[in-house]
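Enquirer: After the structure tokens below, expect a handful of questions from me.
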Amino acid sequence: MSLQWPDISFQDRMATAEFRVHERAHIVVNSDSCNGCTTRACVVACPANLFIPTSDGGIVFNYEQCFECGTCYMVCNEEGAISWTYPEGGHGIVFHHT
Amino acid sequence: MTPIIGVCVKWIGSQPTSGHEADARFAQFSASDQAALEVSLQRAEQQSARVRVVSVAPIAARSHLVALCASGAHELVHIAAEGQSSSAHVAHELAQHLRDCASVWCGDYSLDRGSGSVPAFLASTLGAQQALGIVGISATNNNSLDLLRRLDAGRREIVRVMEPFIISVEGSMATLRRASLASTLRPTANIIEASLAEPSTLSLGDFSPFRPRPRTVKAPAGETALDRIKAATSANSPQKHSEIVTLAPEDAAQYIVERLTEWGYLS
Amino acid sequence: MPDFDVIVVGAGPAGSCAALTIARTGKSVALIERGPFPGSKNMYGGVVYPRILDALIPEWWNEMPVQRWVTRRSTMLLTDTQSLSIDFRSDAWGDAPYNGATAFRPDFDNWLANKAVEAGATLVCSTTVTGLITNANGAVIGIHTDRPDGDLTASVVIACDGVNSFLAKEHGMYPHTDAAHFTLGVKETITLSKDIIDERFAVRGNQGVDIEILGGTSGVNGGGFIYTNLDSLSVGVVLKLPKLAAQSKRPEEIIAGLKSHSAIAPLVEGGTVSEYSAHLIPEAGLKMMPTLLDDGLLVAGDAAAMCLAAGIWLEGVNFAMASGMYAAQAACEAIEKGNTSAKGLSLYKKLLEDTFVLRDHRKLRRAPQLVLSDRVQHMYPALITSVVQGMFHVNNPLPKPGLRKILKDERRRLGIRTIDLAKDAITGFRSFG
Ligand SMILES: Cc1cc2nc3c(=O)[nH]c(=O)nc-3n(C[C@H](O)[C@H](O)[C@H](O)COP(=O)(O)OP(=O)(O)OC[C@H]3O[C@@H](n4cnc5c(N)ncnc54)[C@H](O)[C@@H]3O)c2cc1C
Ligand code: SF4
Ligand code: SF4
């Protein structure tokens, strides 16, 4: 890898996508289940970087800027850690030039 | 006759913050417009009234307006207009379809950060009372409402409006109910099509900004220019920034008039 | 009487082609989409191969919202410091009836759904289907939605609800779902002026380029892509889920790594990221395909894993459109015969078997596994590029080495066993040959 690419900040990156946030959280993470998790697969895999590990072994999750891709529930091996649904119709991610 | 509650909504072609061109696909109604519709629907239920949604919007907005009305509005007046029109003109056109409404509800904030002057022009055209920035209803009386209004710095005031009135509500006041599947599949609102009349029909008179003439004031006495400037700006005299007086309302009004006269604002 | 003859869930390419086909027969069809408009939830790499539309929309190329017509296709092998491209150009692809086009899904899907509406389909947006309604015998007779009074009934439901298809899963059509069958696609839409794109990619007018990349994904099994839109590029990577989860680089860092490669950086330099997006791909082809039909239910498109993602190919929209159309034909036939049981709907299977949809998948059934295998991902690019480097590297006064010797040396150096190479070559020949 020869050139260093000056990348945009993650916040600016996410600001390029339109999210119509609904008041109901469509994904809920049960942080208790995460305490025993050794993989932390969601943390590295979620393209929106919505899974933030806490110092006490839990996970803080914010649903607002979610692409609704499904990666997190697929990579998570802990039964019951993630309850995943689609947001209410008309809400959530709205793509423009994809 | 069944009373009619009017709701004015503004269609915005696309979210202006997204930096993309206006495009009907990305259109939305502001949260406050949606709140205005929800409040109207709730009042209509209490009063067995009908809700009429009125909008000056391009043809491309039709399906969005119909989808909005599927939440329970009874009538939709779509005044077709492409491009921009002045607030006064829009208000005048809206007014033609709101004359039989005792109350009209608007959103306080539009997605394109409009000036918010349409409700004011509407109130003027219809001879109705107007209240802005409403976040709640604190009491319902016979022909009037006590409304909770947001002021700066977290303060609130209660204002009383008498019918007919035009009220702009904030988005936090209510969340619009979802349209049922049946009314989404088979829209029930009665659609009235209208088109924007030429602006010449305006009956609002001419407006120009208020520009008072300059007044010549005699220079204060003083030996040197510096003295006169000090006197004119009260730079050396002890400043009285504020004063707390406790008076009965009539006396307070009298006091204010006296001070304003003293300071030269009134003559 | 059911509310509709057919309900189609999801207004992606599969759903819209299904609804269009049904509406044309005069039957009533509801097309239910959870996004505010069709395409608003959908992202992909960037090239549609619309040949199948010849059967549905004559001269579709005159009205389809196209960014550029693909006239140049490159396949690129990347190692950290080397790249090897196979570049193909065809002028014929730049004229009607065309081959492939770059297009944005919010444009393309919306256009296609409106074709169905023009034919008489009822499109309902902003409505999420939350489940299937079944009768006492387990046959599907309708759907639940998230709207008040949101149930709707039909003779046949066609699930075109995409890669996560909760409908197919809920109905037990997927025996098991394995994260290893999916890849995550992330992409950046990068704004760049048309002139610069024309110059950098050596194209003119509305000609476009499709570059598929093997390697360059920071060691995570997968691949990359660059497509030219009119005045932007689509640059992204696809990443095998378990491999992504088992390392420490995040998706956007992997894109950044690709963009900084010396073969890629000059193509994307100076552009601004105007949109970042992500979506899953069902990657395993035939191996993961669910049961395709049951009483009152058909599954099509990504919901049925009919996506071909095998290295040099990244196609799904065409499979979705075709399977949607065939599902619709089967549904119509079943309704006309008055038998919408699995047996009555079996024409669907036959149509798929007879056409490219299942033939391509059968032929390429081993390809995804091969292309995403560690050897193909990590060793062969290095082997091939080293061999090419060995051939072109001038090492005077030593004489040029023979190809066979270079191959042998490099194979040894990289620790690739001849038997594995032979096995993979056979699989490759069977799939791609
Ligand atoms: C990164 C990436 C790159 C790709 N590149 C290419 C490429 O270059 N060329 C190509 O041909 N293919 C490509 N594909 C594959 C292609 O995108 C898919 O195969 C194709 O979109 C499948 O179409 P579909 O109609 O089956 O599903 P989708 O396009 O996913 O459509 C499903 C629709 O259903 C809706 N939906 C889902 N659930 C519900 C519900 N419960 N209720 C209501 N609506 C619902 C969704 O909102 C969506 O509109 C790519 C995919 C990815 C992720
Ligand atoms: S969500 Fe799943 S993968 Fe993520 S930390 Fe919790 S248990 Fe682990
Ligand atoms: S669905 Fe995708 S974007 Fe949303 S939280 Fe899960 S991994 Fe992240």
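The way I read the labels, and the way they are meant: chains A, B, ... in the order of the structure tokens, residue 1 as the first residue of every chain, and ligand 1 as the first ligand shown, with later ones counted on from there.
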Per DSSP on the backbone, filter stretch 11-200 of chain B down to the residues in strand (DSSP E or B) and report them as a count of residues only.
Expert: 60
Enquirer: If we count only C-alpha atoms and set the cut-off at 9 Å, which residues sit around B:Arg25, ignoring sequence neighbours fewer than 5 positions away in its own chain? Please answer as an mmCIF file with all heavy atoms, in the first residue's frame.
Expert:
```
data_model
loop_
_atom_site.group_PDB
_atom_site.id
_atom_site.type_symbol
_atom_site.label_atom_id
_atom_site.label_comp_id
_atom_site.auth_asym_id
_atom_site.auth_seq_id
_atom_site.Cartn_x
_atom_site.Cartn_y
_atom_site.Cartn_z
ATOM 1 N N GLY B 13 -39.899 19.500 -1.798
ATOM 2 C CA GLY B 13 -39.458 18.523 -2.798
ATOM 3 C C GLY B 13 -38.424 17.533 -2.314
ATOM 4 O O GLY B 13 -38.443 16.374 -2.660
ATOM 5 N N SER B 14 -37.455 17.955 -1.548
ATOM 6 C CA SER B 14 -36.495 17.011 -0.989
ATOM 7 C C SER B 14 -35.861 17.659 0.215
ATOM 8 O O SER B 14 -35.931 18.868 0.396
ATOM 9 C CB SER B 14 -35.426 16.634 -2.002
ATOM 10 O OG SER B 14 -34.581 17.740 -2.207
ATOM 11 N N PRO C 36 -39.913 4.514 1.775
ATOM 12 C CA PRO C 36 -40.834 5.572 1.358
ATOM 13 C C PRO C 36 -41.085 5.578 -0.150
ATOM 14 O O PRO C 36 -42.091 6.093 -0.605
ATOM 15 C CB PRO C 36 -40.146 6.862 1.801
ATOM 16 C CG PRO C 36 -38.722 6.513 2.048
ATOM 17 C CD PRO C 36 -38.696 5.055 2.418
ATOM 18 N N PHE C 37 -40.169 5.005 -0.931
ATOM 19 C CA PHE C 37 -40.407 4.804 -2.367
ATOM 20 C C PHE C 37 -39.552 3.617 -2.799
ATOM 21 O O PHE C 37 -38.565 3.272 -2.119
ATOM 22 C CB PHE C 37 -40.077 6.067 -3.181
ATOM 23 C CG PHE C 37 -38.635 6.461 -3.135
ATOM 24 C CD1 PHE C 37 -37.735 5.968 -4.068
ATOM 25 C CD2 PHE C 37 -38.159 7.306 -2.146
ATOM 26 C CE1 PHE C 37 -36.389 6.319 -4.017
ATOM 27 C CE2 PHE C 37 -36.819 7.669 -2.090
ATOM 28 C CZ PHE C 37 -35.933 7.159 -3.025
ATOM 29 N N SER C 40 -35.479 2.952 -2.244
ATOM 30 C CA SER C 40 -34.910 3.779 -1.169
ATOM 31 C C SER C 40 -34.127 2.941 -0.158
ATOM 32 O O SER C 40 -33.321 3.474 0.591
ATOM 33 C CB SER C 40 -36.019 4.548 -0.454
ATOM 34 O OG SER C 40 -37.006 3.664 0.028
ATOM 35 N N PRO C 106 -32.089 3.684 -6.317
ATOM 36 C CA PRO C 106 -33.274 4.517 -6.067
ATOM 37 C C PRO C 106 -33.888 5.028 -7.375
ATOM 38 O O PRO C 106 -35.079 5.321 -7.419
ATOM 39 C CB PRO C 106 -32.723 5.668 -5.213
ATOM 40 C CG PRO C 106 -31.538 5.074 -4.515
ATOM 41 C CD PRO C 106 -30.918 4.149 -5.528
ATOM 42 N N ASN C 110 -37.248 2.486 -8.696
ATOM 43 C CA ASN C 110 -38.433 3.338 -8.724
ATOM 44 C C ASN C 110 -39.057 3.329 -10.124
ATOM 45 O O ASN C 110 -40.281 3.234 -10.277
ATOM 46 C CB ASN C 110 -38.023 4.767 -8.341
ATOM 47 C CG ASN C 110 -39.211 5.638 -8.037
ATOM 48 O OD1 ASN C 110 -40.077 5.265 -7.263
ATOM 49 N ND2 ASN C 110 -39.273 6.801 -8.665
#
```
Enquirer: I'd like the neighbourhood of A:Trp84 as a list in words, where a residue qualifies if any of its atoms comes within 9 Å (using only C-alpha atoms), though same-chain residues fewer than 4 positions away should be ignored.
Expert: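 My reading of the contact set: His26, Ile27, Val28, Val29, Gly70, Cys72 and Tyr73 of chain A.
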Enquirer: Could you please take those selected residues and save all heavy atoms as a PDB file, in the first residue's frame?
Expert:
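Result written to out.pdb:
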```pdb
ATOM      1  N   HIS A  26     -35.544  -0.069  16.397  1.00  0.00           N
ATOM      2  CA  HIS A  26     -35.867  -1.309  15.681  1.00  0.00           C
ATOM      3  C   HIS A  26     -34.893  -2.435  16.026  1.00  0.00           C
ATOM      4  O   HIS A  26     -35.179  -3.596  15.765  1.00  0.00           O
ATOM      5  CB  HIS A  26     -35.920  -1.075  14.173  1.00  0.00           C
ATOM      6  CG  HIS A  26     -34.617  -0.636  13.573  1.00  0.00           C
ATOM      7  ND1 HIS A  26     -34.097   0.619  13.747  1.00  0.00           N
ATOM      8  CD2 HIS A  26     -33.717  -1.302  12.822  1.00  0.00           C
ATOM      9  CE1 HIS A  26     -32.935   0.704  13.118  1.00  0.00           C
ATOM     10  NE2 HIS A  26     -32.677  -0.442  12.547  1.00  0.00           N
ATOM     11  N   ILE A  27     -33.733  -2.067  16.561  1.00  0.00           N
ATOM     12  CA  ILE A  27     -32.783  -3.086  17.014  1.00  0.00           C
ATOM     13  C   ILE A  27     -32.512  -2.816  18.482  1.00  0.00           C
ATOM     14  O   ILE A  27     -32.270  -1.679  18.877  1.00  0.00           O
ATOM     15  CB  ILE A  27     -31.466  -3.009  16.223  1.00  0.00           C
ATOM     16  CG1 ILE A  27     -31.723  -3.259  14.733  1.00  0.00           C
ATOM     17  CG2 ILE A  27     -30.446  -4.003  16.753  1.00  0.00           C
ATOM     18  CD1 ILE A  27     -30.505  -3.074  13.856  1.00  0.00           C
ATOM     19  N   VAL A  28     -32.572  -3.865  19.287  1.00  0.00           N
ATOM     20  CA  VAL A  28     -32.277  -3.704  20.703  1.00  0.00           C
ATOM     21  C   VAL A  28     -31.197  -4.717  21.081  1.00  0.00           C
ATOM     22  O   VAL A  28     -31.275  -5.888  20.701  1.00  0.00           O
ATOM     23  CB  VAL A  28     -33.544  -3.931  21.567  1.00  0.00           C
ATOM     24  CG1 VAL A  28     -33.213  -3.798  23.043  1.00  0.00           C
ATOM     25  CG2 VAL A  28     -34.627  -2.933  21.177  1.00  0.00           C
ATOM     26  N   VAL A  29     -30.171  -4.254  21.754  1.00  0.00           N
ATOM     27  CA  VAL A  29     -29.092  -5.132  22.176  1.00  0.00           C
ATOM     28  C   VAL A  29     -29.210  -5.348  23.683  1.00  0.00           C
ATOM     29  O   VAL A  29     -29.313  -4.392  24.448  1.00  0.00           O
ATOM     30  CB  VAL A  29     -27.713  -4.524  21.829  1.00  0.00           C
ATOM     31  CG1 VAL A  29     -26.600  -5.425  22.326  1.00  0.00           C
ATOM     32  CG2 VAL A  29     -27.603  -4.310  20.329  1.00  0.00           C
ATOM     33  N   GLY A  70     -28.299  -6.100   8.361  1.00  0.00           N
ATOM     34  CA  GLY A  70     -28.442  -7.443   8.924  1.00  0.00           C
ATOM     35  C   GLY A  70     -27.129  -8.086   9.342  1.00  0.00           C
ATOM     36  O   GLY A  70     -27.125  -9.198   9.884  1.00  0.00           O
ATOM     37  N   CYS A  72     -25.113  -7.463  11.810  1.00  0.00           N
ATOM     38  CA  CYS A  72     -24.908  -7.682  13.245  1.00  0.00           C
ATOM     39  C   CYS A  72     -25.559  -8.978  13.722  1.00  0.00           C
ATOM     40  O   CYS A  72     -24.931  -9.773  14.417  1.00  0.00           O
ATOM     41  CB  CYS A  72     -25.399  -6.487  14.048  1.00  0.00           C
ATOM     42  SG  CYS A  72     -27.067  -5.950  13.644  1.00  0.00           S
ATOM     43  N   TYR A  73     -26.814  -9.199  13.346  1.00  0.00           N
ATOM     44  CA  TYR A  73     -27.453 -10.418  13.859  1.00  0.00           C
ATOM     45  C   TYR A  73     -26.862 -11.665  13.224  1.00  0.00           C
ATOM     46  O   TYR A  73     -26.915 -12.753  13.799  1.00  0.00           O
ATOM     47  CB  TYR A  73     -28.985 -10.351  13.743  1.00  0.00           C
ATOM     48  CG  TYR A  73     -29.569 -10.684  12.383  1.00  0.00           C
ATOM     49  CD1 TYR A  73     -29.750 -12.016  11.995  1.00  0.00           C
ATOM     50  CD2 TYR A  73     -29.972  -9.691  11.509  1.00  0.00           C
ATOM     51  CE1 TYR A  73     -30.288 -12.322  10.755  1.00  0.00           C
ATOM     52  CE2 TYR A  73     -30.509  -9.988  10.274  1.00  0.00           C
ATOM     53  CZ  TYR A  73     -30.669 -11.302   9.908  1.00  0.00           C
ATOM     54  OH  TYR A  73     -31.196 -11.614   8.672  1.00  0.00           O
TER      55      TYR A  73
END
```
Enquirer: Considering only C-alpha atoms, can you say which of B:Leu37, B:Val217, B:Ala67, B:Leu148 comes closest to chain A?
Expert: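 Answer, going by the shortest atom-to-atom distance: B:Ala67.
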Enquirer: Let me have all residues with an atom within 7 Å of ligand 3, counting only C-alpha atoms and all ligand atoms, laid out as a PyMOL selection string.
Expert: chain A and resi 42+45-50+63+66-73
Enquirer: For a quick check of understanding, using only C-alpha atoms and all ligand atoms, which of A:Asp7, A:Phe51, A:His97, A:Asp12 has the smallest distance to ligand 2?
Expert: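 Looking at the shortest contact to ligand 2, the residue is A:Phe51.
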Enquirer: Give the residue list for ligand 2 at 9 Å, counting only C-alpha atoms and all ligand atoms, as a ChimeraX atom specification, sorted by chain and then by residue number.
Expert: /A:29-43,51-53,57-59,61,72-73,75-82 /C:245
Enquirer: With only C-alpha atoms and all ligand atoms counted, collect every polymer residue having an atom within 6 Å of ligand 1; state the result as a ChimeraX atom specification.
Expert: /C:9-15,32-35,38-39,41-42,44-48,127-130,160-163,185-186,279-281,301-303,307,314-318,320
Enquirer: Residues of chain A were defined as contacting chain B if any atom lay at most 12 Å from it, counting only C-alpha atoms; please report them as a count of residues only.
Expert: 19
Enquirer: Restricting the calculation to only C-alpha atoms: of C:Thr427, C:Ser218, C:Ser260, C:Ser232, which residue gets closest to chain A?
Expert: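 The shortest atom-to-atom distance to chain A comes from C:Ser260.
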Enquirer: Using only C-alpha atoms, which residues sit within 8 Å of B:Val257 once same-chain residues fewer than 4 positions away are excluded, as a VMD selection string?
Expert: chain B and resid 253 261 266
Enquirer: Counting only C-alpha atoms, which residues of chain C come no farther than 7 Å from chain B, as a PyMOL selection string?
Expert: chain C and resi 37+124+147-150
Enquirer: For a quick check of understanding, using only C-alpha atoms, which of C:Ile197, C:Leu308, C:Ala256, C:Ile384 has the smallest distance to chain A?
Expert: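 Looking at the shortest contact to chain A, the residue is C:Ala256.
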Enquirer: Using only C-alpha atoms, which of C:Asp151, C:Asp409, C:Asp80, C:Asp87 sits nearest chain A?
Expert: C:Asp80
Enquirer: Skipping near chain neighbours, those fewer than 3 positions away, what residues fall within 6 Å of stretch 129-140 of chain B using only C-alpha atoms, listed as a PyMOL selection string?
Expert: chain B and resi 145-150+165-170+173
